[in-house]
$ cat query.cif   # mmCIF, C-alpha atoms
data_coords
loop_
_atom_site.label_atom_id
_atom_site.label_comp_id
_atom_site.auth_asym_id
_atom_site.auth_seq_id
_atom_site.Cartn_x
_atom_site.Cartn_y
_atom_site.Cartn_z
CA MET A 7 -12.29 -2.31 4.55
CA ARG A 8 -11.28 -0.21 1.54
CA ARG A 9 -10.96 3.54 1.15
CA ALA A 10 -9.46 5.85 -1.46
CA PHE A 11 -7.73 9.19 -0.96
CA LEU A 12 -6.86 11.91 -3.46
CA VAL A 13 -3.79 14.15 -3.26
CA ILE A 14 -3.84 17.17 -5.58
CA ALA A 15 -0.90 19.55 -6.05
CA ALA A 16 -0.09 22.62 -8.13
CA ILE A 17 2.98 22.54 -10.39
CA ALA A 18 6.24 24.31 -9.52
CA SER A 19 9.60 24.17 -11.27
CA ALA A 20 13.06 23.46 -9.88
CA VAL A 21 16.08 21.27 -10.49
CA ALA A 22 16.95 18.40 -8.11
CA PRO A 23 20.61 17.77 -7.28
CA THR A 24 22.32 14.60 -8.40
CA ALA A 25 25.18 12.63 -6.87
CA ALA A 26 28.55 12.18 -8.54
CA ALA A 27 29.46 8.78 -9.97
CA ALA A 28 31.71 6.50 -7.88
CA GLU A 29 32.94 2.94 -7.80
CA PRO A 30 30.43 0.59 -6.13
CA ILE A 31 31.02 -0.97 -2.74
CA LYS A 32 30.65 -4.72 -3.33
CA LEU A 33 29.62 -6.64 -0.22
CA LYS A 34 29.43 -10.40 0.22
CA PRO A 35 27.01 -12.10 2.64
CA ARG A 36 28.39 -12.65 6.13
CA SER A 37 25.38 -14.62 7.39
CA ASP A 38 22.62 -16.88 6.16
CA TRP A 39 19.06 -15.62 5.64
CA ASP A 40 17.26 -15.48 9.02
CA LEU A 41 13.43 -15.62 9.06
CA ARG A 42 11.62 -13.63 11.77
CA GLU A 43 7.84 -13.88 12.24
CA TYR A 44 5.96 -10.94 13.79
CA ASP A 45 2.28 -10.16 14.44
CA ASP A 46 2.15 -7.79 11.44
CA LYS A 47 4.83 -9.03 9.01
CA CYS A 48 7.45 -11.60 8.10
CA ARG A 49 11.08 -10.55 7.78
CA MET A 50 14.22 -12.01 6.25
CA ILE A 51 17.46 -10.63 7.71
CA ARG A 52 20.97 -10.91 6.30
CA THR A 53 24.27 -9.21 7.12
CA PHE A 54 26.81 -8.19 4.46
CA GLY A 55 30.40 -7.00 4.71
CA SER A 56 32.29 -6.28 7.92
CA GLY A 57 33.77 -3.45 9.95
CA GLU A 58 32.74 0.02 8.74
CA ASP A 59 31.21 -1.53 5.61
CA GLU A 60 28.88 -3.86 7.53
CA LEU A 61 25.34 -3.56 6.15
CA THR A 62 22.16 -5.27 7.35
CA LEU A 63 19.36 -5.99 4.88
CA TRP A 64 15.73 -6.56 5.91
CA VAL A 65 13.29 -7.96 3.34
CA ASP A 66 9.76 -7.50 4.74
CA LYS A 67 6.37 -8.74 3.56
CA GLY A 68 2.86 -8.63 5.04
CA GLY A 69 1.17 -10.86 2.46
CA PRO A 70 1.79 -12.91 -0.69
CA GLY A 71 1.70 -9.97 -3.14
CA PRO A 72 4.44 -9.03 -5.65
CA GLY A 73 6.30 -6.36 -3.68
CA VAL A 74 8.68 -6.38 -0.73
CA ASN A 75 9.81 -3.61 1.60
CA LEU A 76 13.57 -3.17 1.82
CA THR A 77 15.44 -1.71 4.79
CA LEU A 78 19.23 -1.22 4.68
CA ILE A 79 21.02 -0.41 7.93
CA GLY A 80 24.65 0.66 8.10
CA ARG A 81 27.26 3.33 7.43
CA ALA A 82 27.05 2.84 3.65
CA VAL A 83 23.59 4.48 3.52
CA ARG A 84 24.51 7.50 5.69
CA ASN A 85 23.78 11.09 4.63
CA PRO A 86 22.00 10.49 1.28
CA TYR A 87 22.00 13.55 -1.00
CA GLY A 88 19.41 14.00 -3.73
CA ALA A 89 15.81 13.24 -4.54
CA PHE A 90 16.05 9.55 -5.38
CA VAL A 91 18.01 6.32 -5.36
CA ARG A 92 18.29 3.83 -8.17
CA VAL A 93 17.59 0.28 -7.06
CA GLY A 94 17.34 -3.02 -8.90
CA PHE A 95 17.77 -6.75 -8.55
CA ALA A 96 20.26 -8.05 -11.12
CA PRO A 97 19.90 -9.23 -13.79
CA GLY A 98 17.50 -6.41 -14.56
CA GLU A 99 17.32 -2.65 -14.99
CA PRO A 100 17.31 -0.44 -11.86
CA VAL A 101 14.51 2.09 -11.34
CA GLU A 102 14.51 5.51 -9.71
CA ARG A 103 12.81 5.55 -6.31
CA ASN A 104 12.01 7.91 -3.50
CA PHE A 105 13.34 6.70 -0.16
CA ILE A 106 12.91 6.94 3.60
CA THR A 107 15.72 7.79 6.02
CA ALA A 108 15.86 7.10 9.74
CA THR A 109 18.18 6.01 12.55
CA SER A 110 18.05 2.55 14.13
CA SER A 111 17.78 1.85 17.86
CA LYS A 112 21.55 1.22 17.82
CA GLY A 113 22.25 4.61 16.21
CA ARG A 114 23.00 3.28 12.72
CA PRO A 115 21.81 5.04 9.51
CA VAL A 116 18.71 3.54 7.86
CA LEU A 117 17.40 3.73 4.29
CA GLY A 118 13.98 2.23 3.50
CA LEU A 119 11.97 1.50 0.36
CA PHE A 120 8.34 0.39 0.12
CA GLY A 121 6.83 -1.82 -2.59
CA VAL A 122 9.98 -2.91 -4.43
CA GLN A 123 9.33 -5.66 -6.99
CA PRO A 124 12.26 -8.10 -7.21
CA VAL A 125 11.19 -9.12 -10.70
CA SER A 126 8.81 -7.79 -13.32
CA LEU A 127 5.45 -9.44 -12.79
CA LEU A 128 4.23 -9.61 -16.35
CA PRO A 129 1.56 -12.17 -17.16
CA ASP A 130 2.62 -15.27 -19.07
CA THR A 131 1.97 -15.35 -22.82
CA ALA A 132 0.29 -18.55 -23.88
CA GLU A 133 1.98 -20.13 -26.87
CA ALA A 134 -0.08 -21.33 -29.80
CA ALA A 135 -0.64 -25.09 -29.86
CA THR A 136 1.45 -27.05 -32.35
CA GLY A 137 -0.33 -27.42 -35.67
CA GLN A 138 -3.00 -24.83 -34.78
CA LYS A 139 -4.87 -23.59 -37.84
CA ARG A 140 -3.82 -19.98 -38.51
CA SER A 141 -6.13 -19.09 -41.41
CA GLY A 142 -9.56 -17.51 -41.02
CA GLU A 143 -10.82 -14.92 -38.52
CA GLU A 144 -9.14 -14.77 -35.11
CA THR A 145 -11.47 -14.96 -32.10
CA VAL A 146 -11.20 -14.41 -28.34
CA ASP A 147 -13.44 -15.95 -25.69
CA PHE A 148 -13.45 -13.59 -22.68
CA ALA A 149 -15.30 -16.18 -20.62
CA ASP A 150 -11.90 -17.88 -20.24
CA ALA A 151 -9.96 -14.66 -19.68
CA ALA A 152 -7.93 -14.00 -16.52
CA LEU A 153 -7.66 -10.64 -14.72
CA THR A 154 -4.18 -10.87 -13.25
CA GLY A 155 -0.81 -9.18 -13.39
CA GLN A 156 1.16 -12.07 -11.99
CA ALA A 157 3.18 -14.68 -13.79
CA SER A 158 2.80 -18.38 -13.08
CA GLU A 159 4.52 -19.95 -10.08
CA ALA A 160 6.96 -21.77 -12.36
CA THR A 161 7.93 -18.52 -14.10
CA MET A 162 8.33 -16.70 -10.81
CA ARG A 163 10.56 -19.43 -9.40
CA GLN A 164 12.75 -19.22 -12.50
CA ARG A 165 13.09 -15.44 -12.16
CA TYR A 166 13.82 -15.52 -8.43
CA GLU A 167 16.46 -18.19 -9.01
CA ALA A 168 18.22 -15.97 -11.57
CA ILE A 169 18.71 -13.05 -9.12
CA THR A 170 22.38 -12.60 -8.22
CA SER A 171 22.61 -9.17 -6.54
CA LEU A 172 20.87 -6.08 -5.22
CA GLU A 173 22.27 -2.85 -6.66
CA MET A 174 21.75 0.69 -5.37
CA SER A 175 23.10 4.08 -6.48
CA GLY A 176 22.01 7.71 -6.75
CA ALA A 177 21.51 9.61 -3.52
CA ILE A 178 23.78 7.37 -1.42
CA ILE A 179 27.44 8.38 -1.10
CA ASP A 180 28.83 5.34 -2.92
CA PRO A 181 26.97 2.81 -5.11
CA ILE A 182 26.35 -0.50 -3.32
CA THR A 183 26.19 -4.03 -4.71
CA LEU A 184 25.01 -6.77 -2.34
CA GLU A 185 25.92 -10.21 -3.67
CA LEU A 186 22.92 -12.50 -3.20
CA ASP A 187 22.77 -16.27 -3.21
CA GLY A 188 19.87 -18.50 -2.27
CA PHE A 189 17.32 -15.85 -3.29
CA LEU A 190 14.76 -18.42 -4.50
CA PRO A 191 14.61 -20.51 -1.28
CA MET A 192 14.58 -17.28 0.74
CA MET A 193 11.53 -16.00 -1.17
CA VAL A 194 9.79 -19.39 -0.90
CA ASP A 195 10.16 -19.30 2.90
CA LEU A 196 9.15 -15.62 3.09
CA LEU A 197 6.06 -16.12 0.92
CA GLY A 198 5.06 -19.19 2.94
CA CYS A 199 5.27 -17.20 6.16
CA THR A 200 3.30 -14.25 4.80
CA ALA A 201 0.60 -16.46 3.28
CA LYS A 202 -0.11 -17.86 6.77
CA LEU A 203 -0.05 -14.35 8.23
CA ARG A 204 -2.47 -13.02 5.65
CA GLU A 205 -4.85 -15.95 6.13
CA ARG A 206 -4.89 -15.38 9.88
CA LEU A 207 -5.47 -11.62 9.74
CA ALA A 208 -7.97 -11.76 6.86
CA ARG A 209 -10.31 -13.94 8.95
CA VAL A 210 -10.82 -11.18 11.50
CA GLY A 211 -14.21 -9.57 10.91
CA ASN A 212 -13.83 -10.31 7.23
CA GLY A 213 -15.35 -13.46 5.82
CA ASP A 214 -16.00 -15.65 8.83
CA GLY A 215 -19.25 -13.93 9.88
CA THR A 216 -17.93 -12.89 13.30
CA GLY A 217 -16.32 -9.78 14.69
CA THR A 218 -15.77 -6.48 12.89
CA GLY A 219 -13.09 -5.24 10.53
CA VAL A 220 -10.72 -2.29 10.84
CA ARG A 221 -12.38 1.13 10.50
CA THR A 222 -10.97 4.64 10.11
CA LYS A 223 -10.91 7.06 13.05
CA ASP A 224 -10.64 10.87 12.82
CA GLU A 225 -10.19 10.39 9.09
CA ALA A 226 -10.83 14.04 8.20
CA LEU A 227 -7.86 15.14 10.29
CA TRP A 228 -5.19 12.74 9.04
CA SER A 229 -6.37 12.57 5.43
CA GLN A 230 -5.70 16.35 5.15
CA LYS A 231 -2.12 15.78 6.29
CA ILE A 232 -1.65 13.05 3.67
CA ALA A 233 -3.19 15.29 0.98
CA ALA A 234 -0.62 18.01 1.77
CA ASN A 235 2.35 15.73 1.01
CA TYR A 236 2.89 15.47 -2.76
CA PRO A 237 6.47 14.24 -3.43
CA SER A 238 8.38 17.38 -4.43
CA HIS A 239 10.62 15.82 -7.10
CA LEU A 240 7.60 14.14 -8.74
CA LEU A 241 5.71 17.44 -8.60
CA ARG A 242 8.57 19.19 -10.42
CA ALA A 243 8.56 16.43 -13.04
CA GLU A 244 4.74 16.74 -13.38
CA GLN A 245 4.25 13.07 -12.54
CA GLN A 246 0.95 11.54 -11.40
CA GLY A 247 0.13 8.13 -10.00
CA THR A 248 -2.01 5.85 -7.86
CA VAL A 249 -0.82 3.53 -5.08
CA ALA A 250 -2.91 0.69 -3.65
CA VAL A 251 -1.77 -0.51 -0.23
CA ARG A 252 -2.73 -2.96 2.48
CA LEU A 253 -2.06 -1.78 6.04
CA THR A 254 -1.71 -4.07 9.02
CA VAL A 255 -3.43 -2.32 11.95
CA SER A 256 -2.60 -3.37 15.51
CA LYS A 257 -5.12 -4.01 18.27
CA ASP A 258 -4.32 -0.46 19.46
CA GLY A 259 -5.56 0.98 16.15
CA LYS A 260 -2.10 1.97 14.88
CA PRO A 261 -0.86 0.99 11.40
CA THR A 262 2.34 -0.99 11.92
CA PHE A 263 3.08 -2.27 8.42
CA CYS A 264 2.36 -1.03 4.89
CA GLU A 265 2.49 -3.27 1.83
CA VAL A 266 2.06 -1.92 -1.71
CA THR A 267 -0.30 -4.26 -3.58
CA ALA A 268 -0.40 -2.36 -6.89
CA PHE A 269 0.65 0.98 -8.36
CA ASP A 270 0.15 2.98 -11.55
CA GLY A 271 2.81 5.60 -12.23
CA PRO A 272 6.32 6.17 -10.83
CA ALA A 273 7.24 3.76 -8.05
CA SER A 274 8.50 6.69 -5.97
CA PHE A 275 4.90 7.41 -4.98
CA ASN A 276 4.93 4.09 -3.06
CA ASP A 277 7.30 5.35 -0.38
CA THR A 278 5.42 8.61 0.18
CA ALA A 279 2.05 6.87 0.39
CA CYS A 280 3.22 4.28 2.93
CA LEU A 281 5.22 6.74 5.01
CA GLN A 282 2.33 9.19 5.35
CA LEU A 283 -0.19 6.46 6.20
CA LEU A 284 2.10 4.96 8.85
CA ARG A 285 2.80 8.43 10.27
CA TYR A 286 -0.69 9.92 10.35
CA ALA A 287 -3.48 7.34 9.92
CA VAL A 288 -5.54 6.29 12.97
CA PHE A 289 -8.07 3.45 13.13
CA GLU A 290 -10.63 1.63 15.21
CA PRO A 291 -9.09 -1.84 15.48
CA ALA A 292 -10.73 -5.03 14.27
CA LYS A 293 -12.61 -7.04 16.88
CA ASP A 294 -13.09 -10.77 17.30
CA ALA A 295 -16.39 -12.54 17.99
CA ALA A 296 -16.11 -11.68 21.70
CA GLY A 297 -15.57 -7.98 20.97
CA ASN A 298 -11.88 -7.98 21.87
CA PRO A 299 -9.59 -5.72 19.77
CA VAL A 300 -7.23 -7.65 17.49
CA ALA A 301 -4.86 -6.94 14.60
CA GLY A 302 -6.38 -6.80 11.11
CA PHE A 303 -5.98 -5.55 7.53
CA PHE A 304 -7.13 -2.26 5.99
CA SER A 305 -6.86 -1.73 2.21
CA THR A 306 -6.87 1.69 0.60
CA ARG A 307 -5.74 3.60 -2.49
CA ILE A 308 -4.08 7.01 -2.74
CA THR A 309 -4.15 8.96 -6.01
CA TYR A 310 -1.67 11.77 -6.70
CA ARG A 311 -3.05 14.22 -9.24
CA LEU A 312 -1.77 17.56 -10.54
CA ASN A 313 -4.02 20.63 -10.48
CA LYS A 314 -3.20 22.01 -13.94
#
$ encode --input "query.cif" --output "structure tokens"
Amino acid sequence: MRRAFLVIAAIASAVAPTAAAAEPIKLKPRSDWDLREYDDKCRMIRTFGSGEDELTLWVDKGGPGPGVNLTLIGRAVRNPYGAFVRVGFAPGEPVERNFITATSSKGRPVLGLFGVQPVSLLPDTAEAATGQKRSGEETVDFADAALTGQASEATMRQRYEAITSLEMSGAIIDPITLELDGFLPMMVDLLGCTAKLRERLARVGNGDGTGTGVRTKDEALWSQKIAANYPSHLLRAEQQGTVAVRLTVSKDGKPTFCEVTAFDGPASFNDTACLQLLRYAVFEPAKDAAGNPVAGFFSTRITYRLNK
């Protein structure tokens, strides 16, 4: 099931506060990557640092797409101040992002990010064959064209293998650098888990000729709440964007996981879109061939547009 929503906002002007520069807290891994499989997602867990600096990292995925959801739990992400954080996997340039704050069941501070891309997923550029004739008119055969934004598996493996750290700064009190090793095998295991999850959930009422897929419930009520939440710092900057997501909806009709599958515009819209859908959206769950409610996928798109 697919649906699109439109969020329109008027423009206001203000200045967002920024955090002062500080030396980064550099944390080494204290545990190996630990894979957890759930009904709605796959999760890799790793602990960094110790004592007051102990920080837990969750890397979540609900399918084999390009993005991951990041959750950091620990004292280092307490009391963020400002409109955004800067996050990036090194080597690479960090990007400004909105963020989610919460408190864990153990009372620890939480900072979350939706739809973070560990590497830039640019399509491969085919090299000209050796000795190819370069004179005459150049032609293109669109019958052989590919509509994709993803690099080849070999290129992706090379980029994942090059990742050495996760770096964050901005709204958090002190910049954080998490030293990463084994990122490639971690992603291989995580993608393998989520591919099986996606295959299992995609079969429900969607392609096998049995059952029914996820459907919206009381959509008029919760879509108005989503439409009223244009990210304030992006509104001040007059930014617009579109976020495509895939929700995992439980057998109770509640969205339990949000995965960004594509976006056009600032990545900060990703966090707002997922947070509002998880908070407000309600669904009729998918049903199997016997009519029993089961978990399933629901894909949608939210567009943020300024009313100039």
$ resolve_selection --input "query.cif" --expression "the PyMOL selection byres ((chain A and resi 177) around 9)" --output "PyMOL selection string"
chain A and resi 24-25+83+85-92+175-176+178-181
$ residues_near_point --input "query.cif" --point "(-7.4, 3.7, 10.2)" --cutoff "8 Å" --atoms "all atoms listed in the file" --output "ChimeraX atom specification"
/A:220-223,225,255,259-261,287-291,304
$ atom_distance --input "query.cif" --atom1 "atom CA of A:Leu63" --atom2 "atom CA of A:Thr77"
5.8 Å
$ residues_around --input "query.cif" --residues "stretch 272-278 of chain A" --least-positions-apart "6" --cutoff "9 Å" --atoms "all atoms listed in the file" --output "list in words"
Phe90, Val101, Glu102, Arg103, Asn104, Phe105, Ile106, Gly118, Leu119, Phe120, Gly121, Val122, Asn235, Tyr236, Pro237, Leu240, Gln245, Gln246, Gly247, Thr248, Val249, Ala250, Val251, Val266 and Tyr310 of chain A
$ atom_distance --input "query.cif" --atom1 "atom CA of A:Phe263" --atom2 "atom CA of A:Cys280"
8.5 Å
$ closest_residue --input "query.cif" --among "A:Val125, A:Ala168, A:Met174, A:Leu284" --to "A:Pro72" --atoms "all atoms listed in the file"
A:Val125
$ residues_around --input "query.cif" --residues "stretch 186-191 of chain A" --least-positions-apart "4" --cutoff "8 Å" --atoms "only C-alpha atoms" --output "list of chain:residue names"
A:Lys34, A:Pro35, A:Arg163, A:Tyr166, A:Glu167, A:Ile169, A:Thr170, A:Ser171, A:Leu172, A:Asp195
$ closest_residue --input "query.cif" --among "A:Asp40, A:Asp45, A:Glu205, A:Asp294" --to "A:Gly219" --atoms "all atoms listed in the file"
A:Asp294
$ closest_residue --input "query.cif" --among "A:Leu197, A:Leu283, A:Met50, A:Ile79" --to "A:Gly113" --atoms "all atoms listed in the file"
A:Ile79
